[in-house]
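Shown next, in C-alpha cells, is the structure this report addresses.
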Amino acid sequence: MTIKDFIERAGYYLNLMPDKEDEQAIIAQITEGVSFKGANLWVLIFAIFIASLGLNVNSTAVIIGAMLISPLMGPIVGMGLAVGTNDLDLLKRAGKNFGVATLISVLTATVYFLITPLSEAQSELLARTSPTLYDVLIAFCGGAAGIIALCTRGKGNVIPGVAIATALMPPLCTAGFGLATGHLLYFLGAFYLFFINTVFIALATYCGVRLLHFQKHEYQLSERAVKGRRILMSIVVVTMLPAAYMTFRIVQQSIFESNVRKFVKTELTQRGTQIISNTVDKDSMRLRVVAVGREISSLTQAEAQSRMKEYGLGDYTLRIIQGTQSDSVLALSHQVTSLTTSRDAEQKQLMQLSAENAHLSQQLYEYKQHEALAVEIRPELASLFPQVSKIALQRVVEVNRDSSDTHHYVAAIIESDGKKPLSKEETKKLRDWLQTRIKADSLVLIKRELSGETRTRLLMRTTGRNDPGLHRHLHRDGQSAAVERLLHRSGHGA
C-alpha cells in the first residue's frame with residue numbers, strides 16, 4: 001500500500017460529511033440554546049446552588065450532577081459558531097447572554113457562600129484554583145467532541161460527557177467562594193480556569209464548524225471578518241500563555257521529584273535498610289533522607305553525594321538521618337502526619353500538645369525548684385543557724401481519707417548536729433526565715449532528733465488561716481512519724 005492509498009483510506013474513515021445533519025437545523029438548535037431567560041435562567045441558578053453545595057461538602061457526585069443540568073454550554077458554543085460562520089448578530093447575542101449568565105452565576109455562588117455555615121475550603125474547591133495547560137487541552141478536546149456530536153447523527157451520550165469533562169460550573173462557584181471569603185487568589189485562579197474553558201470550547205467549536213464546511217455570512221467588508229479572526233486568535237494565545245507557564249512549572253517540579261526518587265532508590269537502597277522518607281529543603285539546598293535498619297556507611301554516602309549531579313541534584317547537599325536520629329524523626333513524622341489530617345484537627349492537637357508541654361514544664365519546675373533551693377540556701381543556713389547540719393525541702397500533697405480535701409505545703413526536714421539543739425525561739429525564727437526565703441504560702445517544719453530510734457516531732461505549721469483541728473491532727477505521734485518517713489524518702493538533703 002502506497003502513502004497515497006493510505007491517505008485516501010484514512011480520509012474515507014475520518015470523513016465527517018456523510019454523517020452531517022441538516023445545517024440549518026444545527027444552527028437553529030445552537031441559536032436556541034444561546035438565550036438566557038425564563039426557564040434557562042432558573043435552571044442555571046439552581047445548578048449553581050447544587051454545584052456550590054457539592055463543593056462545600058466535597059461531594060464529587062453532586063458536582064457532576066450540577067454540571068449535567070447546567071445550560072452554560074449554549075452561549076459558548078454559540079460564540080464559536082458565530083465566529084465560524086461570520087454571523088455578527090449571533091456573536092453579539094451570544095456574548096451578551098454569556099456575560100449575563102456568568103455574572104448571575106458568580107453572584108449566586110457568592111450569596112450561597114456568604115450564608116453557608118461551612119466556610120472550609122475543601123479539596124474539590126481548591127482543585128479549581130490552579131489551572132494548567134492540561135485544562136486547555138481538556139477544554140479544547142471536550143469542545144471538539146461537543147460540536148461534532150451536535151452536528152452529526154447518532155449523538156448518543158456525548159453531550160453529557162462533554163459537560164462533565166469541561167466542568168464550567170465548579171470554577172464559577174469557586175470564584176464566588178473567593179469573593180465571599182475574601183480570597184482574591186481563589187477568585188482569580190478559578191475565574192481564569194473558567195475563561196480557559198470558555199475560550200477553548202469556543203475555539204474547538206469554530207474549528208469544527210470550519211471542518212464541516214458551514215456556509216459563511218458575507219460581510220460587506222471582508223477585512224472585518226479577517227479582523228475578527230485575528231482578535232479570536234489573539235485571545236487564544238494570550239489565554240494559553242499563563243497556563244503554559246504554570247504547566248511548565250508543574251512538569252519541572254514533577255521531573256525534579258522523579259529524579260530525587262530515582263537517586264534515593266538507585267544510590268541509597270541496600271539490603272537491611274529501609275528508606276522512610278526523603279524531603280528537599282530548597283532554602284538550604286539540602287536533601288534529607290531518613291533511613292532505618294542497617295546503617296548506610298560513610299563511604300556509600302560520599303559516593304552518593306558525588307553522583308547527585310547525574311540526577312540533576314548537583315547543587316544539593318545530602319544528609320542521611322539514621323540510627324537513633326531516625327527513630328526520633330520517624331516518631332515526629334508520625335505525629336506531624338496525624339496532626340495534618342485536617343486543619344481543625346491539627347489546630348486542636350497542637351493546642352493540646354502545647355498545654356501538655358506547659359503542664360509538664362510546670363510540674364518539672366515544681367519538682368526541681370526545692371532541690372535547687374536547698375542547695376542555694378545552704379551557705380545562708382550555715383551562717384544564720386550553725387546548729388542545723390542538714391536540711392531537706394519537698395513539696396507535699398496531703399489528702400484526707402474521709403473527705404476529698406487536699407492540702408499543699410512545703411515540708412522542711414532539719415537535723416541538728418546534736419551539740420546544741422535549737423530552742424523554741426530559734427525554731428520559730430528558722431521557720432519564719434525559711435518561709436520567707438523559699439516564698440512558701442504554707443510550711444511544715446519537721447525536726448529530726450538523733451536518738452536511739454528515729455522519731456519525729458512536728459513542731460509548727462503556718463498557713464493563711466487558723467486551723468486548730470489540723471494542728472492537732474499533725475501532732476499525733478503515730479501519724480507524724482509516718483509523715484516524717486514519707487517526707488524523708490522523697491526529700492532532697494542539702
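Lettering and numbering for the C-alpha cells are positional, with chains as A, B, ... in the shown order, residues counted from 1 in each chain, and ligands counted from 1 in the shown order.
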
TODO: From the DSSP assignment of the backbone, select every residue of region 153-198 of chain A that is alpha helix (DSSP H), and format the answer as an MDAnalysis selection string.
DONE: chainID A and resid 158:166 169:181 184:198

At a cut-off of 12 Å, using only C-alpha atoms, what residues contact Ile26 (chain A)? Leave out same-chain residues fewer than 2 positions from it and give the result as a PDB file with all heavy atoms, in the first residue's frame.
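Written out: around.pdb:
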ATOM      1  N   LYS A  20     -23.184  14.383   8.606  1.00  0.00           N
ATOM      2  CA  LYS A  20     -23.602  15.727   8.972  1.00  0.00           C
ATOM      3  C   LYS A  20     -25.114  15.877   8.883  1.00  0.00           C
ATOM      4  O   LYS A  20     -25.746  15.453   7.912  1.00  0.00           O
ATOM      5  CB  LYS A  20     -22.917  16.742   8.055  1.00  0.00           C
ATOM      6  CG  LYS A  20     -23.258  18.198   8.374  1.00  0.00           C
ATOM      7  CD  LYS A  20     -22.561  19.148   7.401  1.00  0.00           C
ATOM      8  CE  LYS A  20     -22.951  20.591   7.653  1.00  0.00           C
ATOM      9  NZ  LYS A  20     -22.320  21.518   6.684  1.00  0.00           N
ATOM     10  N   GLU A  21     -25.671  16.485   9.941  1.00  0.00           N
ATOM     11  CA  GLU A  21     -27.104  16.782   9.963  1.00  0.00           C
ATOM     12  C   GLU A  21     -27.383  17.975   9.052  1.00  0.00           C
ATOM     13  O   GLU A  21     -26.471  18.606   8.514  1.00  0.00           O
ATOM     14  CB  GLU A  21     -27.536  17.127  11.396  1.00  0.00           C
ATOM     15  CG  GLU A  21     -27.516  15.956  12.357  1.00  0.00           C
ATOM     16  CD  GLU A  21     -28.879  15.289  12.468  1.00  0.00           C
ATOM     17  OE1 GLU A  21     -29.723  15.557  11.581  1.00  0.00           O
ATOM     18  OE2 GLU A  21     -29.081  14.518  13.404  1.00  0.00           O
ATOM     19  N   ASP A  22     -28.680  18.320   8.911  1.00  0.00           N
ATOM     20  CA  ASP A  22     -29.060  19.491   8.144  1.00  0.00           C
ATOM     21  C   ASP A  22     -28.463  20.741   8.799  1.00  0.00           C
ATOM     22  O   ASP A  22     -28.622  20.978   9.999  1.00  0.00           O
ATOM     23  CB  ASP A  22     -30.583  19.614   8.086  1.00  0.00           C
ATOM     24  CG  ASP A  22     -31.020  20.853   7.329  1.00  0.00           C
ATOM     25  OD1 ASP A  22     -30.766  20.931   6.108  1.00  0.00           O
ATOM     26  OD2 ASP A  22     -31.587  21.748   7.994  1.00  0.00           O
ATOM     27  N   GLU A  23     -27.743  21.541   8.025  1.00  0.00           N
ATOM     28  CA  GLU A  23     -27.004  22.679   8.565  1.00  0.00           C
ATOM     29  C   GLU A  23     -27.927  23.686   9.231  1.00  0.00           C
ATOM     30  O   GLU A  23     -27.619  24.201  10.321  1.00  0.00           O
ATOM     31  CB  GLU A  23     -26.207  23.340   7.434  1.00  0.00           C
ATOM     32  CG  GLU A  23     -25.304  24.464   7.921  1.00  0.00           C
ATOM     33  CD  GLU A  23     -24.395  24.974   6.815  1.00  0.00           C
ATOM     34  OE1 GLU A  23     -23.796  24.138   6.099  1.00  0.00           O
ATOM     35  OE2 GLU A  23     -24.296  26.205   6.679  1.00  0.00           O
ATOM     36  N   GLN A  24     -29.043  23.994   8.625  1.00  0.00           N
ATOM     37  CA  GLN A  24     -29.952  24.983   9.193  1.00  0.00           C
ATOM     38  C   GLN A  24     -30.564  24.490  10.508  1.00  0.00           C
ATOM     39  O   GLN A  24     -30.761  25.272  11.455  1.00  0.00           O
ATOM     40  CB  GLN A  24     -31.069  25.307   8.189  1.00  0.00           C
ATOM     41  CG  GLN A  24     -30.561  25.971   6.919  1.00  0.00           C
ATOM     42  CD  GLN A  24     -29.772  27.247   7.220  1.00  0.00           C
ATOM     43  OE1 GLN A  24     -30.184  28.068   8.044  1.00  0.00           O
ATOM     44  NE2 GLN A  24     -28.640  27.412   6.538  1.00  0.00           N
ATOM     45  N   ALA A  28     -30.113  26.360  14.059  1.00  0.00           N
ATOM     46  CA  ALA A  28     -31.308  26.712  14.837  1.00  0.00           C
ATOM     47  C   ALA A  28     -31.223  26.129  16.253  1.00  0.00           C
ATOM     48  O   ALA A  28     -31.592  26.794  17.237  1.00  0.00           O
ATOM     49  CB  ALA A  28     -32.559  26.202  14.120  1.00  0.00           C
ATOM     50  N   GLN A  29     -30.728  24.894  16.370  1.00  0.00           N
ATOM     51  CA  GLN A  29     -30.616  24.258  17.694  1.00  0.00           C
ATOM     52  C   GLN A  29     -29.611  25.004  18.580  1.00  0.00           C
ATOM     53  O   GLN A  29     -29.875  25.263  19.757  1.00  0.00           O
ATOM     54  CB  GLN A  29     -30.169  22.801  17.520  1.00  0.00           C
ATOM     55  CG  GLN A  29     -30.019  22.055  18.838  1.00  0.00           C
ATOM     56  CD  GLN A  29     -29.484  20.641  18.622  1.00  0.00           C
ATOM     57  OE1 GLN A  29     -29.282  20.200  17.486  1.00  0.00           O
ATOM     58  NE2 GLN A  29     -29.259  19.937  19.709  1.00  0.00           N
ATOM     59  N   ILE A  30     -28.451  25.362  18.004  1.00  0.00           N
ATOM     60  CA  ILE A  30     -27.423  26.066  18.792  1.00  0.00           C
ATOM     61  C   ILE A  30     -27.904  27.464  19.143  1.00  0.00           C
ATOM     62  O   ILE A  30     -27.714  27.943  20.267  1.00  0.00           O
ATOM     63  CB  ILE A  30     -26.102  26.119  18.008  1.00  0.00           C
ATOM     64  CG1 ILE A  30     -25.540  24.704  17.836  1.00  0.00           C
ATOM     65  CG2 ILE A  30     -25.091  27.010  18.716  1.00  0.00           C
ATOM     66  CD1 ILE A  30     -24.286  24.628  16.971  1.00  0.00           C
ATOM     67  N   THR A  31     -28.565  28.149  18.184  1.00  0.00           N
ATOM     68  CA  THR A  31     -29.059  29.503  18.436  1.00  0.00           C
ATOM     69  C   THR A  31     -30.106  29.518  19.540  1.00  0.00           C
ATOM     70  O   THR A  31     -30.166  30.448  20.360  1.00  0.00           O
ATOM     71  CB  THR A  31     -29.650  30.089  17.133  1.00  0.00           C
ATOM     72  OG1 THR A  31     -28.648  30.072  16.104  1.00  0.00           O
ATOM     73  CG2 THR A  31     -30.117  31.516  17.343  1.00  0.00           C
ATOM     74  N   GLU A  32     -30.936  28.477  19.591  1.00  0.00           N
ATOM     75  CA  GLU A  32     -31.971  28.399  20.620  1.00  0.00           C
ATOM     76  C   GLU A  32     -31.347  28.288  22.022  1.00  0.00           C
ATOM     77  O   GLU A  32     -31.885  28.807  23.001  1.00  0.00           O
ATOM     78  CB  GLU A  32     -32.866  27.186  20.351  1.00  0.00           C
ATOM     79  CG  GLU A  32     -34.039  27.088  21.306  1.00  0.00           C
ATOM     80  CD  GLU A  32     -34.891  25.866  21.017  1.00  0.00           C
ATOM     81  OE1 GLU A  32     -34.611  25.173  20.009  1.00  0.00           O
ATOM     82  OE2 GLU A  32     -35.826  25.605  21.789  1.00  0.00           O
ATOM     83  N   GLY A  33     -30.192  27.602  22.129  1.00  0.00           N
ATOM     84  CA  GLY A  33     -29.542  27.436  23.430  1.00  0.00           C
ATOM     85  C   GLY A  33     -28.756  28.643  23.881  1.00  0.00           C
ATOM     86  O   GLY A  33     -28.209  28.648  24.994  1.00  0.00           O
ATOM     87  N   VAL A  77     -20.884  27.736  22.863  1.00  0.00           N
ATOM     88  CA  VAL A  77     -20.929  27.104  21.536  1.00  0.00           C
ATOM     89  C   VAL A  77     -21.477  28.094  20.513  1.00  0.00           C
ATOM     90  O   VAL A  77     -21.015  28.137  19.351  1.00  0.00           O
ATOM     91  CB  VAL A  77     -21.789  25.825  21.591  1.00  0.00           C
ATOM     92  CG1 VAL A  77     -21.975  25.243  20.191  1.00  0.00           C
ATOM     93  CG2 VAL A  77     -21.141  24.788  22.503  1.00  0.00           C
ATOM     94  N   GLY A  78     -22.444  28.919  20.933  1.00  0.00           N
ATOM     95  CA  GLY A  78     -22.997  29.932  20.020  1.00  0.00           C
ATOM     96  C   GLY A  78     -21.938  30.921  19.571  1.00  0.00           C
ATOM     97  O   GLY A  78     -21.909  31.324  18.393  1.00  0.00           O
ATOM     98  N   LEU A  81     -19.764  29.156  16.966  1.00  0.00           N
ATOM     99  CA  LEU A  81     -20.493  29.053  15.699  1.00  0.00           C
ATOM    100  C   LEU A  81     -20.549  30.400  15.001  1.00  0.00           C
ATOM    101  O   LEU A  81     -20.363  30.486  13.770  1.00  0.00           O
ATOM    102  CB  LEU A  81     -21.917  28.541  15.964  1.00  0.00           C
ATOM    103  CG  LEU A  81     -22.853  28.508  14.763  1.00  0.00           C
ATOM    104  CD1 LEU A  81     -22.378  27.491  13.724  1.00  0.00           C
ATOM    105  CD2 LEU A  81     -24.285  28.186  15.201  1.00  0.00           C
ATOM    106  N   ILE A 147     -19.079  19.778  19.572  1.00  0.00           N
ATOM    107  CA  ILE A 147     -19.582  20.322  18.312  1.00  0.00           C
ATOM    108  C   ILE A 147     -19.782  19.220  17.274  1.00  0.00           C
ATOM    109  O   ILE A 147     -20.736  19.258  16.484  1.00  0.00           O
ATOM    110  CB  ILE A 147     -18.643  21.436  17.767  1.00  0.00           C
ATOM    111  CG1 ILE A 147     -19.298  22.148  16.584  1.00  0.00           C
ATOM    112  CG2 ILE A 147     -17.287  20.880  17.411  1.00  0.00           C
ATOM    113  CD1 ILE A 147     -20.589  22.841  16.915  1.00  0.00           C
ATOM    114  N   ILE A 148     -18.917  18.206  17.283  1.00  0.00           N
ATOM    115  CA  ILE A 148     -19.099  17.088  16.344  1.00  0.00           C
ATOM    116  C   ILE A 148     -20.385  16.333  16.682  1.00  0.00           C
ATOM    117  O   ILE A 148     -21.156  15.940  15.789  1.00  0.00           O
ATOM    118  CB  ILE A 148     -17.880  16.153  16.378  1.00  0.00           C
ATOM    119  CG1 ILE A 148     -16.670  16.862  15.756  1.00  0.00           C
ATOM    120  CG2 ILE A 148     -18.164  14.848  15.650  1.00  0.00           C
ATOM    121  CD1 ILE A 148     -15.377  16.090  15.871  1.00  0.00           C
ATOM    122  N   ALA A 149     -20.646  16.139  17.990  1.00  0.00           N
ATOM    123  CA  ALA A 149     -21.869  15.449  18.381  1.00  0.00           C
ATOM    124  C   ALA A 149     -23.107  16.254  18.011  1.00  0.00           C
ATOM    125  O   ALA A 149     -24.128  15.697  17.602  1.00  0.00           O
ATOM    126  CB  ALA A 149     -21.842  15.190  19.893  1.00  0.00           C
ATOM    127  N   LEU A 150     -23.036  17.585  18.142  1.00  0.00           N
ATOM    128  CA  LEU A 150     -24.177  18.425  17.809  1.00  0.00           C
ATOM    129  C   LEU A 150     -24.467  18.439  16.308  1.00  0.00           C
ATOM    130  O   LEU A 150     -25.621  18.604  15.888  1.00  0.00           O
ATOM    131  CB  LEU A 150     -23.935  19.865  18.286  1.00  0.00           C
ATOM    132  CG  LEU A 150     -24.073  20.132  19.787  1.00  0.00           C
ATOM    133  CD1 LEU A 150     -23.585  21.534  20.122  1.00  0.00           C
ATOM    134  CD2 LEU A 150     -25.524  19.960  20.227  1.00  0.00           C
ATOM    135  N   CYS A 151     -23.419  18.294  15.520  1.00  0.00           N
ATOM    136  CA  CYS A 151     -23.570  18.475  14.078  1.00  0.00           C
ATOM    137  C   CYS A 151     -23.774  17.179  13.299  1.00  0.00           C
ATOM    138  O   CYS A 151     -23.942  17.209  12.073  1.00  0.00           O
ATOM    139  CB  CYS A 151     -22.345  19.194  13.501  1.00  0.00           C
ATOM    140  SG  CYS A 151     -22.126  20.861  14.158  1.00  0.00           S
ATOM    141  N   THR A 152     -23.712  16.049  13.999  1.00  0.00           N
ATOM    142  CA  THR A 152     -23.828  14.783  13.281  1.00  0.00           C
ATOM    143  C   THR A 152     -24.924  13.921  13.886  1.00  0.00           C
ATOM    144  O   THR A 152     -25.399  14.160  14.993  1.00  0.00           O
ATOM    145  CB  THR A 152     -22.498  14.010  13.323  1.00  0.00           C
ATOM    146  OG1 THR A 152     -22.100  13.832  14.693  1.00  0.00           O
ATOM    147  CG2 THR A 152     -21.403  14.767  12.581  1.00  0.00           C
ATOM    148  N   ARG A 153     -25.301  12.867  13.163  1.00  0.00           N
ATOM    149  CA  ARG A 153     -26.316  11.938  13.653  1.00  0.00           C
ATOM    150  C   ARG A 153     -25.694  10.989  14.686  1.00  0.00           C
ATOM    151  O   ARG A 153     -24.494  10.784  14.730  1.00  0.00           O
ATOM    152  CB  ARG A 153     -26.889  11.134  12.478  1.00  0.00           C
ATOM    153  CG  ARG A 153     -27.683  11.976  11.495  1.00  0.00           C
ATOM    154  CD  ARG A 153     -28.333  11.094  10.430  1.00  0.00           C
ATOM    155  NE  ARG A 153     -27.315  10.516   9.532  1.00  0.00           N
ATOM    156  CZ  ARG A 153     -26.893  11.107   8.424  1.00  0.00           C
ATOM    157  NH1 ARG A 153     -27.399  12.289   8.068  1.00  0.00           N
ATOM    158  NH2 ARG A 153     -25.997  10.527   7.660  1.00  0.00           N
ATOM    159  N   VAL A 209     -16.850  23.821  13.055  1.00  0.00           N
ATOM    160  CA  VAL A 209     -17.714  24.450  12.047  1.00  0.00           C
ATOM    161  C   VAL A 209     -16.987  24.591  10.729  1.00  0.00           C
ATOM    162  O   VAL A 209     -17.551  24.333   9.643  1.00  0.00           O
ATOM    163  CB  VAL A 209     -18.208  25.819  12.572  1.00  0.00           C
ATOM    164  CG1 VAL A 209     -18.823  26.650  11.449  1.00  0.00           C
ATOM    165  CG2 VAL A 209     -19.213  25.618  13.696  1.00  0.00           C
ATOM    166  N   LEU A 212     -16.536  21.180   9.029  1.00  0.00           N
ATOM    167  CA  LEU A 212     -17.766  20.664   8.438  1.00  0.00           C
ATOM    168  C   LEU A 212     -18.313  21.589   7.342  1.00  0.00           C
ATOM    169  O   LEU A 212     -19.435  21.393   6.863  1.00  0.00           O
ATOM    170  CB  LEU A 212     -18.825  20.482   9.532  1.00  0.00           C
ATOM    171  CG  LEU A 212     -18.517  19.347  10.522  1.00  0.00           C
ATOM    172  CD1 LEU A 212     -19.441  19.426  11.734  1.00  0.00           C
ATOM    173  CD2 LEU A 212     -18.646  17.979   9.841  1.00  0.00           C
ATOM    174  N   PHE A 214     -19.452  24.776   7.124  1.00  0.00           N
ATOM    175  CA  PHE A 214     -20.673  25.558   7.282  1.00  0.00           C
ATOM    176  C   PHE A 214     -20.587  26.803   6.392  1.00  0.00           C
ATOM    177  O   PHE A 214     -19.519  27.395   6.218  1.00  0.00           O
ATOM    178  CB  PHE A 214     -20.837  25.996   8.741  1.00  0.00           C
ATOM    179  CG  PHE A 214     -21.527  24.965   9.599  1.00  0.00           C
ATOM    180  CD1 PHE A 214     -20.978  23.696   9.770  1.00  0.00           C
ATOM    181  CD2 PHE A 214     -22.721  25.264  10.238  1.00  0.00           C
ATOM    182  CE1 PHE A 214     -21.598  22.762  10.566  1.00  0.00           C
ATOM    183  CE2 PHE A 214     -23.352  24.328  11.039  1.00  0.00           C
ATOM    184  CZ  PHE A 214     -22.796  23.068  11.213  1.00  0.00           C
TER     185      PHE A 214
END

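When CA of Ser361 (chain A) is paired with CA of Arg395 (chain A), their separation reads 16.0 Å.
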
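All residues of protein, DNA or RNA that reach within 12 Å of Gln369 (chain A), judged by only C-alpha atoms and not counting those fewer than 2 positions away in the chain, are A:Ser361, A:Gln362, A:Gln363, A:Leu364, A:Tyr365, A:Glu366, A:Tyr367, A:Glu371, A:Ala372, A:Leu373, A:Ala374, A:Val375, A:Glu376, A:Leu393, A:Gln394, A:Arg395, A:Val410, A:Ile438, A:Lys439, A:Ala440, A:His492.
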
How would the residues just chosen look if you wrote them out with C-alpha atoms as a PDB file, in the first residue's frame?
ATOM      1  CA  SER A 361       7.226  22.020  82.328  1.00  0.00           C
ATOM      2  CA  GLN A 362       5.407  23.406  85.373  1.00  0.00           C
ATOM      3  CA  GLN A 363       5.475  20.017  87.088  1.00  0.00           C
ATOM      4  CA  LEU A 364       9.186  19.632  86.399  1.00  0.00           C
ATOM      5  CA  TYR A 365       9.849  23.112  87.737  1.00  0.00           C
ATOM      6  CA  GLU A 366       7.862  22.415  90.917  1.00  0.00           C
ATOM      7  CA  TYR A 367       9.704  19.145  91.396  1.00  0.00           C
ATOM      8  CA  GLU A 371      16.103  20.781  95.311  1.00  0.00           C
ATOM      9  CA  ALA A 372      17.776  23.859  93.860  1.00  0.00           C
ATOM     10  CA  LEU A 373      16.577  26.000  96.771  1.00  0.00           C
ATOM     11  CA  ALA A 374      18.061  23.600  99.311  1.00  0.00           C
ATOM     12  CA  VAL A 375      21.461  23.923  97.652  1.00  0.00           C
ATOM     13  CA  GLU A 376      21.062  27.687  97.299  1.00  0.00           C
ATOM     14  CA  LEU A 393      12.914  20.565 101.198  1.00  0.00           C
ATOM     15  CA  GLN A 394       9.994  18.945  99.404  1.00  0.00           C
ATOM     16  CA  ARG A 395       6.561  19.952  98.137  1.00  0.00           C
ATOM     17  CA  VAL A 410       6.339  22.667 101.680  1.00  0.00           C
ATOM     18  CA  ILE A 438      11.583  29.999  99.826  1.00  0.00           C
ATOM     19  CA  LYS A 439       8.390  32.080  99.374  1.00  0.00           C
ATOM     20  CA  ALA A 440       6.062  29.336 100.580  1.00  0.00           C
ATOM     21  CA  HIS A 492      16.452  16.350  98.909  1.00  0.00           C
TER      22      HIS A 492
END

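Of the residues under consideration (A:Ala47, A:Met17, A:Val199, A:Val111), A:Val199 shows the shortest atom-to-atom contact distance to Phe98 (chain A) when counting only C-alpha atoms.
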
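Of note, CA of Ile413 (chain A) and CA of Ile391 (chain A) are spaced 5.5 Å apart.
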
Task: Distance criterion (only C-alpha atoms): nearest to Lys428 (chain A) out of A:Phe385, A:Phe49, A:Tyr409, A:Tyr206 - done: A:Phe385

Task: Selection: 7 Å around Thr247 (chain A), only C-alpha atoms, excl. self and same-chain fewer than 3 positions, as a list of chain:residue names - done: A:Thr132, A:Leu133, A:Ala243, A:Ala244, A:Ile250, A:Val251

Open item on the list: Which residue is closest to Ala302 (chain A)? Choose from A:Ala144, A:Ile446, A:Met233, A:Ile320 and count only C-alpha atoms.
Closed with: A:Ile320

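Take the candidates A:Met169, A:Ala127, A:Leu353, A:Ala139 and check each one against Ala101 (chain A) using only C-alpha atoms; the shortest distance goes to A:Met169.
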
TODO: Could you check which of A:Asn56, A:Lys227, A:Glu380, A:Asp315 is closest to Phe177 (chain A), using only C-alpha atoms?
DONE: A:Asn56

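Atom pair CA of Arg437 (chain A) / CA of Ala411 (chain A) has a distance of 13.7 Å (rounded to one decimal).
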